[in-house]
$ cat data30.tsv   # TSV, C-alpha atoms
chain	number	residue	atom	x	y	z
A	277	MET	CA	21.61	-10.36	4.14
A	278	PRO	CA	24.65	-8.05	3.82
A	279	TRP	CA	24.52	-4.71	2.06
A	280	ASP	CA	26.97	-1.84	1.96
A	281	SER	CA	25.51	1.65	2.33
A	282	SER	CA	28.94	3.22	1.95
A	283	THR	CA	29.57	1.83	-1.54
A	284	SER	CA	28.93	4.41	-4.27
A	285	LEU	CA	27.18	3.24	-7.39
A	286	GLY	CA	30.17	4.60	-9.26
A	287	MET	CA	28.06	6.10	-12.07
A	288	THR	CA	26.94	9.52	-13.14
A	289	ALA	CA	23.34	10.47	-12.33
A	290	THR	CA	22.40	9.87	-15.96
A	291	LYS	CA	23.86	6.39	-15.96
A	292	GLN	CA	22.15	5.64	-12.66
A	293	LEU	CA	18.81	6.58	-14.15
A	294	MET	CA	19.45	4.45	-17.23
A	295	LYS	CA	20.26	1.49	-15.02
A	296	ALA	CA	17.19	2.07	-12.86
A	297	GLN	CA	15.02	2.14	-15.94
A	298	THR	CA	15.89	-1.49	-16.68
A	299	THR	CA	13.50	-2.42	-13.87
A	300	THR	CA	10.47	-1.08	-15.74
A	301	GLU	CA	10.42	-4.59	-17.19
A	302	ARG	CA	8.10	-7.00	-15.42
A	303	TYR	CA	9.57	-10.23	-14.16
A	304	THR	CA	7.57	-13.40	-13.47
A	305	LEU	CA	7.53	-16.53	-11.35
A	306	ALA	CA	9.42	-18.32	-14.13
A	307	ASP	CA	12.14	-15.67	-13.88
A	308	LEU	CA	12.45	-16.17	-10.12
A	309	GLU	CA	12.84	-19.90	-10.71
A	310	ARG	CA	15.96	-19.26	-12.82
A	311	TRP	CA	17.03	-16.02	-11.16
A	312	THR	CA	20.76	-16.84	-11.21
A	313	GLU	CA	20.63	-16.80	-14.99
A	314	VAL	CA	18.12	-13.96	-15.34
A	315	GLY	CA	19.87	-11.60	-12.97
A	316	ARG	CA	23.45	-12.41	-13.95
A	317	ASP	CA	24.05	-9.35	-16.14
A	318	ILE	CA	21.85	-6.84	-14.30
A	319	ASP	CA	23.99	-4.15	-12.69
A	320	PRO	CA	23.31	-2.91	-10.06
A	321	PRO	CA	21.66	-6.19	-9.03
A	322	ILE	CA	17.94	-6.44	-8.32
A	323	ARG	CA	17.54	-7.18	-4.62
A	324	LEU	CA	14.16	-5.56	-3.93
A	325	GLY	CA	10.81	-5.65	-5.69
A	326	VAL	CA	7.04	-5.60	-5.60
A	327	PHE	CA	4.89	-8.71	-6.10
A	328	GLY	CA	1.40	-8.07	-7.48
A	329	ASP	CA	-1.28	-8.77	-10.07
A	330	PRO	CA	-1.57	-6.32	-11.76
A	331	VAL	CA	1.82	-4.74	-11.20
A	332	ALA	CA	2.69	-2.91	-14.45
A	333	HIS	CA	1.17	0.32	-13.12
A	334	SER	CA	3.27	0.37	-9.96
A	335	LEU	CA	5.35	3.49	-9.36
A	336	SER	CA	7.23	1.84	-6.49
A	337	PRO	CA	10.31	1.07	-8.63
A	338	GLN	CA	10.99	4.68	-9.61
A	339	MET	CA	10.42	5.81	-6.01
A	340	GLN	CA	12.55	3.12	-4.36
A	341	ASN	CA	15.30	3.30	-6.98
A	342	ALA	CA	15.53	7.05	-6.33
A	343	ALA	CA	15.93	6.28	-2.62
A	344	LEU	CA	18.63	3.69	-3.29
A	345	GLN	CA	20.53	6.12	-5.49
A	346	ALA	CA	20.22	8.95	-2.94
A	347	CYS	CA	21.68	6.67	-0.26
A	348	GLU	CA	24.30	5.22	-2.62
A	349	ILE	CA	23.10	1.66	-2.06
A	350	ARG	CA	24.20	-0.48	-4.95
A	351	MET	CA	21.04	-2.38	-5.87
A	352	GLN	CA	17.76	-2.03	-7.75
A	353	TYR	CA	14.05	-2.53	-7.15
A	354	ALA	CA	11.81	-4.20	-9.78
A	355	ARG	CA	8.24	-5.22	-10.57
A	356	VAL	CA	7.41	-8.94	-10.39
A	357	HIS	CA	4.09	-10.13	-11.81
A	358	ILE	CA	2.89	-12.83	-9.42
A	359	ARG	CA	-0.66	-14.20	-9.70
A	360	ALA	CA	-2.67	-15.24	-6.67
A	361	ASN	CA	-2.01	-18.95	-7.20
A	362	GLU	CA	1.73	-18.30	-7.62
A	363	LEU	CA	2.45	-16.49	-4.36
A	364	ARG	CA	3.40	-19.55	-2.32
A	365	SER	CA	5.96	-20.65	-4.92
A	366	ALA	CA	7.28	-17.10	-5.31
A	367	LEU	CA	7.87	-16.82	-1.57
A	368	VAL	CA	9.68	-20.17	-1.54
A	369	PHE	CA	12.06	-18.87	-4.21
A	370	LEU	CA	12.45	-15.57	-2.35
A	371	ARG	CA	13.90	-17.39	0.65
A	372	LYS	CA	16.67	-18.77	-1.56
A	373	LEU	CA	17.53	-15.59	-3.46
A	374	ASP	CA	19.89	-12.77	-2.58
A	375	PHE	CA	17.01	-10.35	-1.94
A	376	VAL	CA	16.80	-7.82	0.88
A	377	GLY	CA	13.00	-7.71	0.77
A	378	ILE	CA	9.84	-7.04	-1.22
A	379	ASN	CA	6.56	-5.17	-1.13
A	380	LEU	CA	3.22	-6.89	-1.69
A	381	THR	CA	0.25	-5.35	-3.44
A	382	VAL	CA	-3.12	-6.62	-4.69
A	383	PRO	CA	-4.07	-9.48	-4.27
A	384	HIS	CA	-1.39	-10.78	-1.90
A	385	LYS	CA	-1.52	-8.75	1.32
A	386	ILE	CA	-3.85	-11.01	3.29
A	387	SER	CA	-2.88	-14.41	1.87
A	388	ALA	CA	0.81	-13.78	2.54
A	389	VAL	CA	0.30	-13.71	6.31
A	390	ALA	CA	-0.03	-17.50	6.47
A	391	GLN	CA	2.96	-18.04	4.17
A	392	ILE	CA	5.75	-16.15	5.95
A	393	ASP	CA	7.84	-17.06	8.96
A	394	ALA	CA	6.89	-14.20	11.28
A	395	ALA	CA	5.04	-10.88	11.34
A	396	ASP	CA	5.32	-7.83	13.55
A	397	GLU	CA	2.53	-6.74	15.89
A	398	LEU	CA	0.72	-4.38	13.51
A	399	ALA	CA	0.75	-6.84	10.60
A	400	THR	CA	-0.52	-9.57	12.91
A	401	CYS	CA	-3.30	-7.33	14.24
A	402	CYS	CA	-4.61	-6.25	10.86
A	403	GLY	CA	-4.05	-9.63	9.21
A	404	ALA	CA	-2.28	-8.16	6.20
A	405	VAL	CA	1.32	-7.70	5.08
A	406	ASN	CA	2.68	-5.24	2.51
A	407	THR	CA	6.39	-5.38	3.37
A	408	ILE	CA	8.65	-8.41	3.76
A	409	ARG	CA	12.27	-8.36	4.79
A	410	VAL	CA	14.50	-11.41	4.22
A	411	ARG	CA	16.77	-12.35	7.12
A	412	ASP	CA	18.74	-15.62	7.18
A	413	LYS	CA	16.35	-17.10	4.58
A	414	LYS	CA	13.35	-16.26	6.76
A	415	LEU	CA	10.56	-13.92	5.68
A	416	ILE	CA	9.49	-11.32	8.25
A	417	GLY	CA	6.30	-9.39	7.51
A	418	SER	CA	5.28	-5.83	8.36
A	419	ASN	CA	2.50	-3.48	7.31
A	420	THR	CA	3.44	0.10	6.50
A	421	ASP	CA	0.04	0.89	4.98
A	422	LEU	CA	-1.32	1.82	8.42
A	423	GLU	CA	1.03	4.67	9.25
A	424	GLY	CA	1.43	5.50	5.56
A	425	PHE	CA	-2.30	6.18	5.29
A	426	ALA	CA	-2.38	8.31	8.45
A	427	ARG	CA	0.53	10.43	7.22
A	428	ALA	CA	-1.10	10.81	3.81
A	429	VAL	CA	-4.40	12.06	5.26
A	430	ARG	CA	-2.52	14.50	7.47
A	431	HIS	CA	-0.46	15.72	4.51
A	432	GLU	CA	-3.37	16.05	2.06
A	433	PHE	CA	-6.09	17.44	4.32
A	434	SER	CA	-4.26	18.84	7.39
A	435	ILE	CA	-6.42	16.80	9.73
A	436	ASP	CA	-5.88	13.77	11.96
A	437	LEU	CA	-7.87	10.55	11.75
A	438	ARG	CA	-8.97	10.89	15.38
A	439	ASP	CA	-11.13	13.87	14.39
A	440	LEU	CA	-12.92	12.15	11.51
A	441	ARG	CA	-15.93	9.94	10.84
A	442	VAL	CA	-14.63	7.47	8.27
A	443	LEU	CA	-16.26	5.24	5.63
A	444	ILE	CA	-14.02	2.60	4.03
A	445	ILE	CA	-15.27	1.10	0.77
A	446	GLY	CA	-13.70	-2.29	0.12
A	447	ALA	CA	-12.84	-3.01	3.73
A	448	GLY	CA	-12.47	-6.75	3.05
A	449	GLY	CA	-9.12	-6.42	1.25
A	450	GLY	CA	-5.62	-6.02	2.64
A	451	THR	CA	-5.48	-2.25	2.18
A	452	GLY	CA	-8.94	-1.83	3.70
A	453	HIS	CA	-7.97	-3.97	6.70
A	454	ALA	CA	-4.89	-1.86	7.35
A	455	ILE	CA	-6.75	1.45	7.04
A	456	ALA	CA	-9.53	0.23	9.33
A	457	TRP	CA	-7.01	-0.74	12.00
A	458	GLN	CA	-5.21	2.59	11.77
A	459	CYS	CA	-8.50	4.48	12.14
A	460	ALA	CA	-9.34	2.37	15.18
A	461	LEU	CA	-5.91	2.74	16.77
A	462	GLU	CA	-6.14	6.52	16.37
A	463	ASN	CA	-9.60	6.45	17.96
A	464	CYS	CA	-11.43	8.04	15.06
A	465	GLU	CA	-14.87	9.51	15.78
A	466	ARG	CA	-16.70	6.85	13.79
A	467	LEU	CA	-15.84	3.97	11.43
A	468	VAL	CA	-18.12	2.38	8.85
A	469	LEU	CA	-16.94	-0.59	6.76
A	470	ALA	CA	-18.59	-1.28	3.41
A	471	ASN	CA	-17.95	-4.50	1.54
A	472	ARG	CA	-19.77	-6.72	-0.94
A	473	THR	CA	-18.98	-9.83	1.12
A	474	PRO	CA	-20.27	-9.26	4.69
A	475	THR	CA	-18.35	-12.23	6.08
A	476	LYS	CA	-15.08	-10.48	5.21
A	477	THR	CA	-15.92	-7.57	7.49
A	478	SER	CA	-17.83	-9.30	10.30
A	479	ALA	CA	-14.67	-10.78	11.81
A	480	LEU	CA	-12.87	-7.46	11.44
A	481	ILE	CA	-15.72	-5.64	13.20
A	482	GLU	CA	-15.44	-8.00	16.18
A	483	GLN	CA	-11.68	-7.46	16.36
A	484	LEU	CA	-12.08	-3.68	16.32
A	485	ARG	CA	-15.05	-3.48	18.67
A	486	PRO	CA	-13.03	-3.17	21.93
A	487	LEU	CA	-11.43	-0.01	20.52
A	488	PHE	CA	-14.81	1.69	20.06
A	489	VAL	CA	-16.37	1.17	23.48
A	490	ALA	CA	-16.40	4.81	24.57
A	491	PRO	CA	-19.16	6.96	23.03
A	492	ARG	CA	-17.88	9.99	21.13
A	493	VAL	CA	-20.57	10.79	18.56
A	494	LEU	CA	-23.75	12.63	19.57
A	495	GLY	CA	-26.95	11.14	18.23
A	496	PRO	CA	-28.18	7.65	17.45
A	497	VAL	CA	-25.47	6.50	15.02
A	498	ALA	CA	-23.12	3.69	16.03
A	499	ARG	CA	-19.40	4.40	16.31
A	500	LEU	CA	-18.52	1.13	14.54
A	501	GLU	CA	-20.67	-0.42	11.86
A	502	ALA	CA	-20.54	-2.72	8.83
A	503	VAL	CA	-22.89	-2.06	5.92
A	504	ALA	CA	-23.58	-3.48	2.49
A	505	TRP	CA	-21.76	-1.89	-0.40
A	506	ASP	CA	-24.81	-0.62	-2.27
A	507	GLU	CA	-26.38	2.76	-2.93
A	508	SER	CA	-29.19	2.59	-0.38
A	509	ALA	CA	-26.91	1.51	2.48
A	510	LEU	CA	-24.30	4.13	1.65
A	511	ARG	CA	-26.92	6.86	1.31
A	512	ALA	CA	-28.12	6.14	4.85
A	513	GLN	CA	-24.59	6.63	6.23
A	514	LEU	CA	-23.10	9.59	4.40
A	515	ALA	CA	-24.69	12.40	6.40
A	516	ASP	CA	-22.64	11.17	9.36
A	517	ILE	CA	-19.37	10.64	7.46
A	518	ASP	CA	-16.48	13.06	6.88
A	519	LEU	CA	-13.82	10.97	5.13
A	520	ILE	CA	-14.65	8.51	2.34
A	521	VAL	CA	-11.85	6.06	1.49
A	522	ASN	CA	-11.77	3.94	-1.65
A	523	ALA	CA	-9.68	0.88	-0.70
A	524	THR	CA	-10.69	-1.06	-3.82
A	525	PRO	CA	-8.84	-1.23	-7.17
A	526	LEU	CA	-11.83	0.44	-8.87
A	527	GLY	CA	-10.51	3.37	-10.87
A	528	MET	CA	-7.34	1.75	-12.15
A	529	ASN	CA	-9.06	1.15	-15.49
A	530	PRO	CA	-10.82	4.03	-17.29
A	531	SER	CA	-13.92	1.87	-17.77
A	532	ASP	CA	-14.29	1.20	-14.02
A	533	PRO	CA	-17.42	2.61	-12.37
A	534	ALA	CA	-16.94	4.89	-9.39
A	535	PRO	CA	-17.00	2.91	-6.12
A	536	ILE	CA	-19.70	5.26	-4.82
A	537	PRO	CA	-22.47	6.95	-6.86
A	538	ALA	CA	-21.55	10.54	-7.65
A	539	GLN	CA	-24.92	11.85	-6.47
A	540	LEU	CA	-24.15	10.71	-2.90
A	541	LEU	CA	-21.15	13.01	-2.53
A	542	ALA	CA	-21.55	16.36	-0.77
A	543	PRO	CA	-19.36	19.43	-0.17
A	544	HIS	CA	-18.63	18.44	3.45
A	545	HIS	CA	-16.99	15.16	2.39
A	546	ILE	CA	-13.29	14.62	1.89
A	547	VAL	CA	-12.41	11.75	-0.44
A	548	PHE	CA	-9.22	9.69	-0.39
A	549	ASP	CA	-8.80	7.30	-3.33
A	550	CYS	CA	-6.05	4.76	-2.71
A	551	VAL	CA	-5.71	4.37	-6.49
A	552	TYR	CA	-2.93	6.62	-7.80
A	553	ALA	CA	-2.76	5.64	-11.47
A	554	PRO	CA	-4.51	7.34	-13.13
A	555	SER	CA	-4.01	10.35	-10.88
A	556	ARG	CA	-7.56	11.65	-11.38
A	557	THR	CA	-10.03	8.79	-11.11
A	558	ARG	CA	-13.74	8.92	-11.79
A	559	LEU	CA	-14.32	9.11	-8.03
A	560	LEU	CA	-12.05	12.14	-7.63
A	561	ARG	CA	-13.68	13.89	-10.59
A	562	ALA	CA	-17.08	13.30	-8.99
A	563	ALA	CA	-15.80	14.66	-5.67
A	564	ALA	CA	-14.57	17.85	-7.35
A	565	GLU	CA	-17.91	18.30	-9.11
A	566	ALA	CA	-19.69	17.94	-5.76
A	567	GLY	CA	-17.48	20.58	-4.18
A	568	ALA	CA	-15.68	18.04	-1.99
A	569	ARG	CA	-11.95	17.90	-1.39
A	570	GLY	CA	-10.14	14.85	-2.74
A	571	ALA	CA	-6.72	13.24	-3.06
A	572	ASN	CA	-5.34	10.17	-4.80
A	573	GLY	CA	-3.14	7.50	-3.24
A	574	LEU	CA	0.22	8.88	-4.34
A	575	SER	CA	1.02	10.32	-0.92
A	576	MET	CA	0.11	7.02	0.75
A	577	LEU	CA	2.41	5.24	-1.71
A	578	LEU	CA	5.20	7.65	-0.76
A	579	TYR	CA	4.86	7.33	3.00
A	580	GLN	CA	4.33	3.56	3.11
A	581	GLY	CA	7.31	3.18	0.75
A	582	ALA	CA	9.51	5.33	2.96
A	583	LEU	CA	8.56	3.20	5.96
A	584	SER	CA	9.34	0.02	3.99
A	585	PHE	CA	12.77	1.42	3.08
A	586	SER	CA	13.46	2.08	6.78
A	587	ILE	CA	12.51	-1.50	7.64
A	588	TRP	CA	14.83	-2.97	4.99
A	589	PHE	CA	17.85	-0.81	5.79
A	590	ASN	CA	17.31	0.32	9.40
A	591	ARG	CA	17.79	3.97	8.49
A	592	GLU	CA	15.69	7.02	7.65
A	593	ALA	CA	14.39	7.03	4.08
A	594	PRO	CA	15.24	9.98	1.79
A	595	VAL	CA	11.61	11.06	1.55
A	596	GLU	CA	12.21	14.15	-0.58
A	597	ALA	CA	14.17	12.18	-3.18
A	598	MET	CA	11.34	9.64	-3.28
A	599	ARG	CA	8.73	12.39	-3.57
A	600	LYS	CA	10.55	14.01	-6.49
A	601	ALA	CA	10.72	10.67	-8.30
A	602	LEU	CA	6.92	10.41	-8.16
A	603	VAL	CA	6.30	13.81	-9.77
A	604	VAL	CA	5.29	13.23	-13.38
$ encode --input "data30.tsv" --output "structure tokens"
Amino acid sequence: MPWDSSTSLGMTATKQLMKAQTTTERYTLADLERWTEVGRDIDPPIRLGVFGDPVAHSLSPQMQNAALQACEIRMQYARVHIRANELRSALVFLRKLDFVGINLTVPHKISAVAQIDAADELATCCGAVNTIRVRDKKLIGSNTDLEGFARAVRHEFSIDLRDLRVLIIGAGGGTGHAIAWQCALENCERLVLANRTPTKTSALIEQLRPLFVAPRVLGPVARLEAVAWDESALRAQLADIDLIVNATPLGMNPSDPAPIPAQLLAPHHIVFDCVYAPSRTRLLRAAAEAGARGANGLSMLLYQGALSFSIWFNREAPVEAMRKALVV
């Protein structure tokens, strides 16, 4: 799929921003079906996007459009509202369109693996895809959530995953899978997976088990464990946990309950909420009240997005330009 990094957008910065703002509109499966007509008058053309449900909250367009402008790549990135039962059709259309690639968010990261032509080693290992590049009408999957999460934790808390005992809430989803694999690959001290559906984590536990053979934690606690996502099970674990990760969508709506009861949080915990909109979720407010450090998912969004950009264009992403675009 050709693209020309040397072609200037030929607009002032103001005009570039106005053009980029056209992508705040959400497109749909029906739009993809008649994309030749829909995209005819959009300039620069939309050749990147994010598929998700919900997707209106996504800050990926402003971040990726800032990167495209900084690199003088004449195209845009847009939101596309694709429901779970529409993904297969959307990916069929994607093969036929003049797209460079897409990102995937909830609920598509796991289901997409069986619907693309190939996946790299990390995406295959964790069984989830968040980045697709289109090459010769074939869809090639990657997962930048793994390294994006590790960089975010390092940036927010100045600590590496290998030195932490980690609890992942919502480990059955695509984001949770990726984070669990990254923790395992970095040989974290301890990993506990909490999910409401045990069958979704039992297979993952077996896949990760060979990476946790060596004992590192003193005392009777297991290095790798799956537990129920309920208050009593979490209470029994949290004395031996440093980092709590919310990998669920809970917190995106103001009425959402916190994924973990506030009374279970303690000053020694650090809390990473993958939700970034709103920026201060109920979980992060509870962490602050408990004296614990916390961070939202904005830095993970930044780093996984920069890695996606590098995959699409085979060049370093303009991380600072992307970071500035995310500052509200």
$ residues_around --input "data30.tsv" --residues "Asn361 (chain A)" --least-positions-apart "5" --cutoff "12 Å" --atoms "all atoms listed in the file" --output "JSON, numbers by chain"
{"A": [305, 328, 329, 366, 367, 383, 384, 387, 388]}
$ write_last_selection --input "data30.tsv" --atoms "C-alpha atoms" --output "compact mmCIF listing (two decimals), in the coordinates of the input"
# COMPACT_ATOMS: atom_id res chain seq x y z
CA LEU A 305 7.53 -16.53 -11.35
CA GLY A 328 1.40 -8.07 -7.48
CA ASP A 329 -1.28 -8.77 -10.07
CA ALA A 366 7.28 -17.10 -5.31
CA LEU A 367 7.87 -16.82 -1.57
CA PRO A 383 -4.07 -9.48 -4.27
CA HIS A 384 -1.39 -10.78 -1.90
CA SER A 387 -2.88 -14.41 1.87
CA ALA A 388 0.81 -13.78 2.54
$ closest_residue --input "data30.tsv" --among "A:Asn572, A:Asn463, A:Gln539, A:Gln513" --to "Gly527 (chain A)" --atoms "only C-alpha atoms"
A:Asn572
$ closest_atom_pairs --input "data30.tsv" --of "region 393-496 of chain A" --to "region 547-558 of chain A" --cutoff "10 Å" --atoms "all atoms listed in the file" --output "JSON lines"
{"residue": "A:Phe425", "atom": "CA", "partner": "A:Cys550", "partner_atom": "CA", "distance": 8.9}
{"residue": "A:Ala428", "atom": "CA", "partner": "A:Phe548", "partner_atom": "CA", "distance": 9.2}
{"residue": "A:Val429", "atom": "CA", "partner": "A:Phe548", "partner_atom": "CA", "distance": 7.8}
{"residue": "A:Glu432", "atom": "CA", "partner": "A:Phe548", "partner_atom": "CA", "distance": 9.0}
{"residue": "A:Phe433", "atom": "CA", "partner": "A:Phe548", "partner_atom": "CA", "distance": 9.6}
{"residue": "A:Val442", "atom": "CA", "partner": "A:Val547", "partner_atom": "CA", "distance": 10.0}
{"residue": "A:Leu443", "atom": "CA", "partner": "A:Val547", "partner_atom": "CA", "distance": 9.7}
{"residue": "A:Ile444", "atom": "CA", "partner": "A:Phe548", "partner_atom": "CA", "distance": 9.6}
{"residue": "A:Ile445", "atom": "CA", "partner": "A:Asp549", "partner_atom": "CA", "distance": 9.9}
{"residue": "A:Thr451", "atom": "CA", "partner": "A:Cys550", "partner_atom": "CA", "distance": 8.6}
{"residue": "A:Gly452", "atom": "CA", "partner": "A:Cys550", "partner_atom": "CA", "distance": 9.6}
$ residues_around --input "data30.tsv" --residues "Glu462 (chain A)" --least-positions-apart "6" --cutoff "12 Å" --atoms "all atoms listed in the file" --output "list of chain:residue names"
A:Leu422, A:Glu423, A:Phe425, A:Ala426, A:Arg427, A:Asp436, A:Leu437, A:Arg438, A:Asp439, A:Leu440, A:Arg441, A:Val442, A:Ile455, A:Ala456, A:Leu484, A:Leu487, A:Phe488
$ closest_atom_pairs --input "data30.tsv" --of "region 357-391 of chain A" --to "region 574-584 of chain A" --cutoff "12 Å" --atoms "only C-alpha atoms" --output "CSV"
residue,atom,partner,partner_atom,distance
A:Val376,CA,A:Ser584,CA,11.3
A:Gly377,CA,A:Ser584,CA,9.1
A:Ile378,CA,A:Ser584,CA,8.8
A:Asn379,CA,A:Ser584,CA,7.8
A:Leu380,CA,A:Ser584,CA,10.8
A:Thr381,CA,A:Leu577,CA,10.9
$ write_last_selection --input "data30.tsv" --atoms "C-alpha atoms" --output "PDB file, in the frame of the given file"
ATOM      1  CA  VAL A 376      16.800  -7.820   0.880  1.00  0.00           C
ATOM      2  CA  GLY A 377      13.000  -7.710   0.770  1.00  0.00           C
ATOM      3  CA  ILE A 378       9.840  -7.040  -1.220  1.00  0.00           C
ATOM      4  CA  ASN A 379       6.560  -5.170  -1.130  1.00  0.00           C
ATOM      5  CA  LEU A 380       3.220  -6.890  -1.690  1.00  0.00           C
ATOM      6  CA  THR A 381       0.250  -5.350  -3.440  1.00  0.00           C
TER       7      THR A 381
END
$ closest_residue --input "data30.tsv" --among "A:Lys372, A:Arg350, A:Lys385, A:Arg359" --to "Leu308 (chain A)" --atoms "all atoms listed in the file"
A:Lys372
$ atom_distance --input "data30.tsv" --atom1 "CA of Val389 (chain A)" --atom2 "CA of Gln340 (chain A)"
23.4 Å
$ atom_distance --input "data30.tsv" --atom1 "CA of Arg511 (chain A)" --atom2 "CA of Arg466 (chain A)"
16.1 Å
$ residues_around --input "data30.tsv" --residues "region 593-597 of chain A" --least-positions-apart "3" --cutoff "6 Å" --atoms "all atoms listed in the file" --output "CSV table (one decimal) with C-alpha atoms, in the coordinates of the input"
chain,number,residue,atom,x,y,z
A,343,ALA,CA,15.9,6.3,-2.6
A,582,ALA,CA,9.5,5.3,3.0
A,585,PHE,CA,12.8,1.4,3.1
A,586,SER,CA,13.5,2.1,6.8
A,600,LYS,CA,10.6,14.0,-6.5
$ closest_residue --input "data30.tsv" --among "A:Ala568, A:Ala447, A:Leu541, A:Ala460" --to "Ala523 (chain A)" --atoms "all atoms listed in the file"
A:Ala447
$ closest_atom_pairs --input "data30.tsv" --of "region 447-495 of chain A" --to "region 399-409 of chain A" --cutoff "7 Å" --atoms "all atoms listed in the file" --output "tab-separated table"
residue	atom	partner	partner_atom	distance
A:Gly450	CA	A:Ala404	CA	5.3
A:His453	CA	A:Cys402	CA	5.8
A:Ala454	CA	A:Cys402	CA	5.6
A:Trp457	CA	A:Cys402	CA	6.1
$ atom_distance --input "data30.tsv" --atom1 "CA of Val468 (chain A)" --atom2 "CA of Thr524 (chain A)"
15.1 Å
$ closest_residue --input "data30.tsv" --among "A:Arg302, A:Arg591, A:Lys476, A:Arg310" --to "Pro337 (chain A)" --atoms "all atoms listed in the file"
A:Arg302
$ residues_around --input "data30.tsv" --residues "Phe327 (chain A)" --least-positions-apart "5" --cutoff "6 Å" --atoms "only C-alpha atoms" --output "list of chain:residue names"
A:Val356, A:His357, A:Ile358, A:Leu380
$ write_last_selection --input "data30.tsv" --atoms "C-alpha atoms" --output "tab-separated table (two decimals), keeping the file's coordinate frame"
chain	number	residue	atom	x	y	z
A	356	VAL	CA	7.41	-8.94	-10.39
A	357	HIS	CA	4.09	-10.13	-11.81
A	358	ILE	CA	2.89	-12.83	-9.42
A	380	LEU	CA	3.22	-6.89	-1.69
$ closest_residue --input "data30.tsv" --among "A:Ala515, A:Ala346, A:Val489, A:Gly448" --to "Pro474 (chain A)" --atoms "all atoms listed in the file"
A:Gly448
$ axis_aligned_box --input "data30.tsv" --around "region 360-377 of chain A" --padding-each-side "3 Å" --output "JSON"
{"center_x": 8.6, "center_y": -14.2, "center_z": -3.4, "size_x": 28.6, "size_y": 18.9, "size_z": 14.5}
$ residues_around --input "data30.tsv" --residues "region 530-538 of chain A" --least-positions-apart "5" --cutoff "7 Å" --atoms "only C-alpha atoms" --output "MDAnalysis selection string"
chainID A and resid 507 522 558:559 562
$ closest_residue --input "data30.tsv" --among "A:Trp588, A:Ala354, A:Thr477, A:His545" --to "Leu415 (chain A)" --atoms "only C-alpha atoms"
A:Trp588
$ decode --input "data30.tsv" --residues "region 422-432 of chain A" --atoms "N, CA, C and O atoms" --output "mmCIF file, in the first residue's frame"
data_model
loop_
_atom_site.group_PDB
_atom_site.id
_atom_site.type_symbol
_atom_site.label_atom_id
_atom_site.label_comp_id
_atom_site.auth_asym_id
_atom_site.auth_seq_id
_atom_site.Cartn_x
_atom_site.Cartn_y
_atom_site.Cartn_z
ATOM 1 N N LEU A 422 1.354 -4.779 24.736
ATOM 2 C CA LEU A 422 2.329 -5.380 25.654
ATOM 3 C C LEU A 422 3.420 -4.378 26.022
ATOM 4 O O LEU A 422 3.571 -3.996 27.184
ATOM 5 N N GLU A 423 4.176 -3.965 25.013
ATOM 6 C CA GLU A 423 5.271 -3.032 25.266
ATOM 7 C C GLU A 423 4.739 -1.659 25.675
ATOM 8 O O GLU A 423 5.354 -0.962 26.483
ATOM 9 N N GLY A 424 3.562 -1.283 25.144
ATOM 10 C CA GLY A 424 2.968 -0.008 25.539
ATOM 11 C C GLY A 424 2.664 0.049 27.020
ATOM 12 O O GLY A 424 2.893 1.076 27.679
ATOM 13 N N PHE A 425 2.180 -1.052 27.579
ATOM 14 C CA PHE A 425 1.903 -1.107 29.015
ATOM 15 C C PHE A 425 3.194 -1.023 29.825
ATOM 16 O O PHE A 425 3.283 -0.274 30.808
ATOM 17 N N ALA A 426 4.202 -1.772 29.428
ATOM 18 C CA ALA A 426 5.474 -1.769 30.164
ATOM 19 C C ALA A 426 6.088 -0.375 30.183
ATOM 20 O O ALA A 426 6.575 0.098 31.216
ATOM 21 N N ARG A 427 6.059 0.301 29.038
ATOM 22 C CA ARG A 427 6.611 1.661 28.980
ATOM 23 C C ARG A 427 5.797 2.615 29.853
ATOM 24 O O ARG A 427 6.360 3.522 30.484
ATOM 25 N N ALA A 428 4.479 2.420 29.863
ATOM 26 C CA ALA A 428 3.623 3.302 30.660
ATOM 27 C C ALA A 428 3.904 3.149 32.153
ATOM 28 O O ALA A 428 3.987 4.138 32.883
ATOM 29 N N VAL A 429 4.044 1.922 32.622
ATOM 30 C CA VAL A 429 4.339 1.687 34.043
ATOM 31 C C VAL A 429 5.685 2.295 34.409
ATOM 32 O O VAL A 429 5.832 2.937 35.462
ATOM 33 N N ARG A 430 6.657 2.130 33.531
ATOM 34 C CA ARG A 430 7.981 2.698 33.775
ATOM 35 C C ARG A 430 7.906 4.226 33.820
ATOM 36 O O ARG A 430 8.527 4.866 34.676
ATOM 37 N N HIS A 431 7.132 4.800 32.918
ATOM 38 C CA HIS A 431 7.004 6.263 32.853
ATOM 39 C C HIS A 431 6.269 6.809 34.071
ATOM 40 O O HIS A 431 6.677 7.828 34.648
ATOM 41 N N GLU A 432 5.172 6.155 34.463
ATOM 42 C CA GLU A 432 4.323 6.682 35.534
ATOM 43 C C GLU A 432 4.902 6.448 36.926
ATOM 44 O O GLU A 432 4.747 7.282 37.821
#
